$ cat run.tsv   # TSV, C-alpha atoms and all ligand atoms
chain	number	residue	atom	x	y	z
A	1	MET	CA	0.00	0.00	0.00
A	2	ARG	CA	1.43	3.40	-1.00
A	3	HIS	CA	0.64	6.67	0.78
A	4	SER	CA	0.97	10.23	-0.40
A	5	THR	CA	3.73	12.50	1.05
A	6	GLY	CA	1.03	14.64	2.72
A	7	TYR	CA	-0.41	11.59	4.46
A	8	ILE	CA	3.03	10.54	5.78
A	9	PHE	CA	3.71	14.04	7.20
A	10	LEU	CA	0.24	14.19	8.74
A	11	PHE	CA	0.66	10.77	10.29
A	12	ALA	CA	4.13	11.61	11.72
A	13	GLY	CA	2.80	14.93	13.06
A	14	ALA	CA	-0.13	13.19	14.78
A	15	ILE	CA	2.24	10.65	16.41
A	16	CYS	CA	4.48	13.53	17.63
A	17	ILE	CA	1.51	15.36	19.16
A	18	ILE	CA	0.20	12.21	20.89
A	19	CYS	CA	3.68	11.45	22.30
A	20	ALA	CA	4.11	15.06	23.50
A	21	ILE	CA	0.74	14.90	25.28
A	22	VAL	CA	1.66	11.59	26.96
A	23	VAL	CA	5.11	12.89	28.09
A	24	CYS	CA	3.70	16.22	29.37
A	25	SER	CA	0.82	14.65	31.26
A	26	SER	CA	3.06	12.05	32.91
A	27	GLU	CA	5.53	14.82	33.85
A	28	VAL	CA	2.68	16.82	35.47
A	29	SER	CA	1.14	13.82	37.22
A	30	LEU	CA	4.52	12.53	38.47
A	31	SER	CA	5.89	15.88	39.63
A	32	GLU	CA	3.91	15.76	42.90
A	33	LEU	CA	5.15	12.20	43.52
A	34	HIS	CA	8.70	13.32	42.73
A	35	LYS	CA	8.42	16.24	45.21
A	36	ASN	CA	7.03	13.94	47.90
A	37	ASN	CA	9.85	11.43	47.38
A	38	ALA	CA	12.45	14.22	47.56
A	39	ARG	CA	10.88	15.49	50.82
A	40	LEU	CA	10.82	11.96	52.26
A	41	ASP	CA	14.45	11.41	51.31
A	42	LYS	CA	15.48	14.65	52.99
A	43	GLN	CA	13.54	13.74	56.14
A	44	LYS	CA	15.20	10.30	56.24
A	45	ASN	CA	18.63	11.87	55.98
A	46	ILE	CA	17.91	14.28	58.81
A	47	LEU	CA	16.86	11.27	60.91
A	48	TYR	CA	20.06	9.40	59.92
A	49	ALA	CA	22.26	12.36	60.90
A	50	ALA	CA	20.49	12.63	64.26
A	51	GLY	CA	20.79	8.88	64.87
A	52	LEU	CA	16.98	8.51	64.93
A	53	ALA	CA	17.13	6.00	62.08
A	54	ARG	CA	19.77	3.82	60.43
A	55	SER	CA	20.30	3.66	56.68
A	56	SER	CA	20.06	-0.16	56.91
A	57	GLU	CA	16.47	0.16	58.19
A	58	ASN	CA	13.69	-0.27	55.69
A	59	LEU	CA	11.56	2.73	56.66
A	60	SER	CA	8.07	3.20	55.28
A	61	SER	CA	6.81	6.72	54.70
A	62	GLU	CA	4.63	6.31	57.84
A	63	ASP	CA	7.71	5.35	59.93
A	64	VAL	CA	9.51	8.45	58.68
A	65	GLN	CA	6.54	10.73	59.47
A	66	LEU	CA	6.23	9.23	62.95
A	67	ARG	CA	9.89	9.77	63.80
A	68	PHE	CA	9.93	13.15	62.08
A	69	GLY	CA	7.26	14.29	64.53
A	70	ARG	CA	10.14	15.17	66.88
A	71	VAL	CA	11.78	17.39	64.28
A	72	LYS	CA	11.04	21.09	64.03
A	73	ALA	CA	12.23	22.92	60.90
A	74	ILE	CA	13.29	26.51	61.54
A	75	ALA	CA	14.16	29.24	59.03
A	76	ILE	CA	17.05	31.53	59.95
A	77	HIS	CA	19.01	34.44	58.49
A	78	VAL	CA	22.46	32.97	57.90
A	79	GLU	CA	24.32	36.26	58.29
A	80	ASP	CA	23.27	37.08	61.87
A	81	GLY	CA	21.73	33.76	62.92
A	82	GLU	CA	18.39	35.38	63.80
A	83	LEU	CA	15.11	33.55	63.19
A	84	ALA	CA	13.36	34.30	59.90
A	85	PRO	CA	9.61	33.83	60.56
A	86	GLU	CA	8.85	35.33	57.13
A	87	ILE	CA	10.22	32.16	55.48
A	88	ASP	CA	8.10	28.99	55.36
A	89	PRO	CA	10.55	26.08	55.96
A	90	ASP	CA	8.26	23.68	54.07
A	91	PHE	CA	8.59	25.59	50.82
A	92	TYR	CA	12.07	27.09	51.02
A	93	ASP	CA	14.66	25.72	48.61
A	94	ALA	CA	18.12	26.92	49.67
A	95	ARG	CA	19.78	25.67	46.48
A	96	LYS	CA	17.39	27.65	44.30
A	97	ALA	CA	17.70	30.68	46.59
A	98	ALA	CA	21.51	30.59	46.39
A	99	VAL	CA	21.47	31.27	42.65
A	100	ASP	CA	18.69	33.85	42.84
A	101	PRO	CA	20.09	37.42	42.67
A	102	LYS	CA	17.90	38.59	45.58
A	103	ALA	CA	17.55	35.48	47.76
A	104	GLY	CA	21.23	34.55	47.38
A	105	ARG	CA	24.62	36.22	47.57
A	106	SER	CA	28.26	35.53	46.69
A	107	ALA	CA	29.87	33.40	49.36
A	108	PRO	CA	32.92	34.87	51.13
A	109	PRO	CA	36.21	33.25	49.96
A	110	ASN	CA	36.32	29.68	51.23
A	111	ALA	CA	38.24	26.44	50.80
A	112	SER	CA	35.03	24.52	50.03
A	113	ALA	CA	34.57	26.14	46.60
A	114	ILE	CA	31.15	27.46	47.67
A	115	LYS	CA	30.48	30.30	45.24
A	116	ARG	CA	26.91	31.32	46.08
A	117	MET	CA	24.91	30.88	49.25
A	118	ALA	CA	21.31	31.50	50.23
A	119	ARG	CA	20.58	34.37	52.61
A	120	HIS	CA	18.33	32.06	54.62
A	121	ALA	CA	18.74	28.45	55.74
A	122	ILE	CA	16.48	25.80	57.19
A	123	ILE	CA	17.94	24.15	60.27
A	124	TYR	CA	16.26	21.47	62.38
A	125	HIS	CA	15.70	21.08	66.11
A	126	ILE	CA	15.22	17.54	67.39
A	127	LEU	CA	12.92	17.82	70.37
A	128	GLU	CA	13.07	15.73	73.54
A	129	ASP	CA	9.86	14.37	75.11
A	130	SER	CA	10.04	17.37	77.47
A	131	GLY	CA	9.86	19.70	74.43
A	132	GLU	CA	13.44	20.90	74.98
A	133	VAL	CA	15.88	20.93	72.06
A	134	GLY	CA	18.01	17.79	72.20
A	135	MET	CA	19.92	18.27	68.96
A	136	ILE	CA	20.43	20.75	66.14
A	137	VAL	CA	20.75	19.45	62.59
A	138	LEU	CA	22.50	21.73	60.10
A	139	PRO	CA	22.61	21.39	56.30
A	140	ILE	CA	26.19	21.36	54.97
A	141	GLU	CA	27.71	21.32	51.50
A	142	GLY	CA	31.13	21.70	49.95
A	143	TYR	CA	33.45	20.43	47.25
A	144	GLY	CA	35.19	17.06	47.48
A	145	LEU	CA	37.19	15.71	44.54
A	146	TRP	CA	34.58	15.32	41.80
A	147	GLY	CA	31.82	17.63	42.91
A	148	THR	CA	29.78	19.06	45.75
A	149	LEU	CA	28.82	16.85	48.66
A	150	TYR	CA	25.49	17.65	50.35
A	151	GLY	CA	24.71	16.43	53.84
A	152	PHE	CA	23.62	17.10	57.39
A	153	LEU	CA	25.58	17.52	60.61
A	154	ALA	CA	23.82	16.85	63.93
A	155	LEU	CA	25.10	18.64	67.03
A	156	ASP	CA	24.10	18.12	70.62
A	157	ALA	CA	22.11	20.86	72.38
A	158	ASP	CA	25.49	22.10	73.72
A	159	ALA	CA	26.00	23.26	70.10
A	160	LYS	CA	29.47	21.70	69.91
A	161	THR	CA	29.36	17.92	70.43
A	162	VAL	CA	28.77	16.03	67.21
A	163	ARG	CA	25.90	13.54	67.26
A	164	GLY	CA	26.17	12.45	63.62
A	165	LEU	CA	27.10	13.27	60.04
A	166	THR	CA	25.53	12.02	56.84
A	167	TYR	CA	25.76	12.77	53.12
A	168	TYR	CA	22.79	12.29	50.82
A	169	GLN	CA	24.30	13.44	47.53
A	170	HIS	CA	27.86	13.40	46.19
A	171	LYS	CA	29.94	12.32	43.21
A	172	GLU	CA	32.90	10.81	45.04
A	173	THR	CA	34.32	7.48	43.87
A	174	PRO	CA	32.77	4.37	45.43
A	175	GLY	CA	35.38	2.69	47.66
A	176	LEU	CA	37.48	5.91	47.90
A	177	GLY	CA	35.80	9.26	48.61
A	178	GLY	CA	32.45	7.45	48.45
A	179	GLU	CA	33.35	5.89	51.79
A	180	VAL	CA	31.76	8.98	53.35
A	181	ASP	CA	28.66	6.73	53.18
A	182	ASN	CA	30.34	3.86	55.03
A	183	PRO	CA	28.46	3.26	58.32
A	184	ASP	CA	31.77	2.34	60.04
A	185	TRP	CA	33.26	5.74	59.15
A	186	LYS	CA	30.09	7.59	60.10
A	187	ALA	CA	30.14	5.78	63.47
A	188	LEU	CA	33.43	7.56	64.26
A	189	TRP	CA	31.68	10.96	64.45
A	190	PRO	CA	29.37	10.89	67.50
A	191	ASP	CA	30.96	12.42	70.63
A	192	ARG	CA	33.66	14.32	68.70
A	193	VAL	CA	33.78	17.99	69.60
A	194	ALA	CA	33.51	20.57	66.83
A	195	PHE	CA	35.07	23.54	68.66
A	196	ASP	CA	38.17	23.92	70.83
A	197	GLU	CA	38.31	25.63	74.25
A	198	SER	CA	38.61	29.07	72.68
A	199	GLY	CA	35.51	28.50	70.51
A	200	GLU	CA	37.42	28.03	67.23
A	201	VAL	CA	36.25	25.30	64.85
A	202	ALA	CA	38.67	22.43	65.49
A	203	ILE	CA	37.06	19.35	63.99
A	204	GLU	CA	39.30	17.75	61.39
A	205	VAL	CA	39.44	14.62	59.24
A	206	ILE	CA	43.11	13.67	59.47
A	207	LYS	CA	45.30	11.53	57.23
A	208	GLY	CA	45.57	8.30	59.21
A	209	GLN	CA	43.88	7.13	62.35
A	210	ALA	CA	42.53	9.23	65.20
A	211	GLY	CA	42.06	8.13	68.80
A	212	LEU	CA	38.81	7.66	70.69
A	213	PRO	CA	36.61	10.76	71.16
A	214	VAL	CA	37.46	10.97	74.87
A	215	GLY	CA	41.20	11.44	74.24
A	216	ASP	CA	41.14	12.82	70.70
A	217	PRO	CA	37.91	14.81	70.52
A	218	HIS	CA	38.54	16.97	67.46
A	219	ARG	CA	40.00	14.45	64.97
A	220	ILE	CA	38.43	11.71	62.80
A	221	ASP	CA	40.17	8.98	60.76
A	222	GLY	CA	40.89	9.93	57.16
A	223	LEU	CA	39.30	8.01	54.30
A	224	SER	CA	42.10	5.85	52.95
A	225	GLY	CA	43.16	6.71	49.39
A	226	ALA	CA	40.83	9.72	49.53
A	227	THR	CA	42.73	12.56	51.11
A	228	ILE	CA	41.05	15.12	48.86
A	229	THR	CA	37.52	14.09	49.90
A	230	SER	CA	38.66	13.94	53.54
A	231	ARG	CA	40.02	17.48	53.25
A	232	GLY	CA	36.75	18.52	51.58
A	233	VAL	CA	34.79	17.27	54.61
A	234	THR	CA	37.06	19.24	56.96
A	235	ASN	CA	36.79	22.37	54.80
A	236	MET	CA	32.99	22.33	54.62
A	237	LEU	CA	32.68	21.80	58.39
A	238	HIS	CA	35.00	24.75	59.02
A	239	PHE	CA	32.96	26.90	56.65
A	240	TRP	CA	29.49	25.99	57.94
A	241	LEU	CA	30.42	26.02	61.63
A	242	GLY	CA	32.35	29.27	61.22
A	243	GLU	CA	31.35	32.94	61.20
A	244	ASP	CA	30.27	32.85	57.52
A	245	GLY	CA	28.06	29.82	58.07
A	246	PHE	CA	26.06	28.84	61.15
A	247	GLY	CA	28.50	30.29	63.71
A	248	PRO	CA	26.22	33.28	64.50
A	249	TYR	CA	23.16	31.02	64.85
A	250	LEU	CA	25.00	28.59	67.17
A	251	LYS	CA	26.19	31.51	69.33
A	252	ASN	CA	22.62	32.86	69.58
A	253	PHE	CA	21.31	29.39	70.39
A	254	THR	CA	23.89	28.86	73.15
A	255	GLN	CA	23.17	32.33	74.58
A	256	VAL	CA	19.39	31.71	74.72
A	257	ASN	CA	19.94	28.24	76.22
A	258	ASN	CA	22.33	29.59	78.89
A	259	ASP	CA	19.94	32.45	79.74
A	260	SER	CA	17.04	30.03	80.17
A	261	ILE	CA	19.13	27.87	82.56
A	262	LYS	CA	20.05	30.92	84.77
A	301	LIG	C1	39.79	6.76	39.40
A	301	LIG	C2	40.20	7.48	40.65
A	301	LIG	C3	39.22	7.91	41.52
A	301	LIG	C4	39.58	8.61	42.67
A	301	LIG	N1	38.58	9.05	43.51
A	301	LIG	C5	38.92	9.75	44.62
A	301	LIG	C6	37.93	10.27	45.48
A	301	LIG	O1	36.72	10.06	45.33
A	301	LIG	N2	38.36	11.01	46.54
A	301	LIG	C7	39.68	11.28	46.79
A	301	LIG	O2	39.99	11.98	47.73
A	301	LIG	N3	40.62	10.78	46.00
A	301	LIG	C8	40.30	10.02	44.92
A	301	LIG	N4	41.26	9.53	44.11
A	301	LIG	C9	42.65	9.67	44.53
A	301	LIG	C10	43.15	11.08	44.35
A	301	LIG	O3	43.43	11.30	43.02
A	301	LIG	C11	44.38	11.28	45.22
A	301	LIG	O4	45.38	10.48	44.76
A	301	LIG	C12	44.07	10.93	46.64
A	301	LIG	O5	43.07	11.75	47.14
A	301	LIG	C13	45.28	11.06	47.52
A	301	LIG	O6	44.94	10.39	48.72
A	301	LIG	P1	46.01	9.56	49.55
A	301	LIG	O7	47.07	10.56	49.89
A	301	LIG	O8	45.24	9.08	50.76
A	301	LIG	O9	46.48	8.46	48.67
A	301	LIG	C14	40.93	8.84	42.95
A	301	LIG	C15	41.90	8.39	42.07
A	301	LIG	C16	41.55	7.72	40.94
A	301	LIG	C17	42.64	7.25	40.01
$ encode --input "run.tsv" --output "structure tokens"
Amino acid sequence: MRHSTGYIFLFAGAICIICAIVVCSSEVSLSELHKNNARLDKQKNILYAAGLARSSENLSSEDVQLRFGRVKAIAIHVEDGELAPEIDPDFYDARKAAVDPKAGRSAPPNASAIKRMARHAIIYHILEDSGEVGMIVLPIEGYGLWGTLYGFLALDADAKTVRGLTYYQHKETPGLGGEVDNPDWKALWPDRVAFDESGEVAIEVIKGQAGLPVGDPHRIDGLSGATITSRGVTNMLHFWLGEDGFGPYLKNFTQVNNDSIK
């Protein structure tokens, strides 16, 4: 059977339109699912950092919601660490804000290759049964060897003792820098102390092996064969715990906590 050229073009055009409609409608219908999955993944990672869940656990979305009931998301101004009630933590996207001319700004010079940063950040308080803050979870990011690592650092309510560290996105090599995901390495973090006596950021991933937290509180074993990623982890912690990152917020938090104890 032979068809005219017009018929062939018409037929191809109709197929293109049908395919475009199918692709667009599945994109629209799946975008909500995609957003929900991204939110769930973020919540899981906050729980992992805080030690409220283990990555080996098979958590349903209900399990995550139940455990996340103890987590309070709080928007802050990064520059002075003050609360930012004008920002809704549920809808704020710090990565988008960082590249927005108004919501973001150039980052001060730093060893983590962070070029832009958002003016606001969402941090998380993990609440005790009494309603008091038991932990603070901070979002962190910075360059490793192949790209930016994104994660969360959990600190005790003393705002200096580490309770956990986790990365949820990176491009480091599996078996080398990718060992940032190794549960054995992550288990080395709890009880390390992020700041020294004078309040300077002192936490450091060293080349080689560190001692136990009680005798060697500021140092963590390096990732073998991955000195560059290890250095990247140190750099990003120094940036985000320092004056250009969450330093002002942590100072405010400690001040308010101390005042409430007096
Ligand atoms: C294919 C390949 C992948 C690598 N991936 C990483 C990595 O993810 N992180 C890292 O720090 N070093 C990685 N390295 C090694 C670095 O190039 C560099 O040699 C290393 O960081 C030095 O660490 P070392 O002093 O502990 O040997 C990789 C090397 C190769 C050849």
$ residues_around --input "run.tsv" --residues "stretch 111-120 of chain A" --least-positions-apart "2" --cutoff "6 Å" --atoms "only C-alpha atoms" --output "PyMOL selection string"
chain A and resi 76-78+94+97-98+103-107+142-143+235-236
$ atom_distance --input "run.tsv" --atom1 "atom CA of A:Gly177" --atom2 "atom CA of A:Leu149"
10.3 Å
$ residues_near_point --input "run.tsv" --point "(38.1, 13.3, 69.6)" --cutoff "12 Å" --atoms "only C-alpha atoms" --output "MDAnalysis selection string"
chainID A and resid 161:162 188:196 202:206 209:221
$ residues_near_ligand --input "run.tsv" --ligand "ligand LIG 301 (chain A)" --cutoff "12 Å" --atoms "only C-alpha atoms and all ligand atoms" --output "number ranges by chain"
A: 143-149, 170-181, 205-209, 221-233
$ atom_distance --input "run.tsv" --atom1 "atom CA of A:Asp41" --atom2 "atom CA of A:Leu59"
10.6 Å
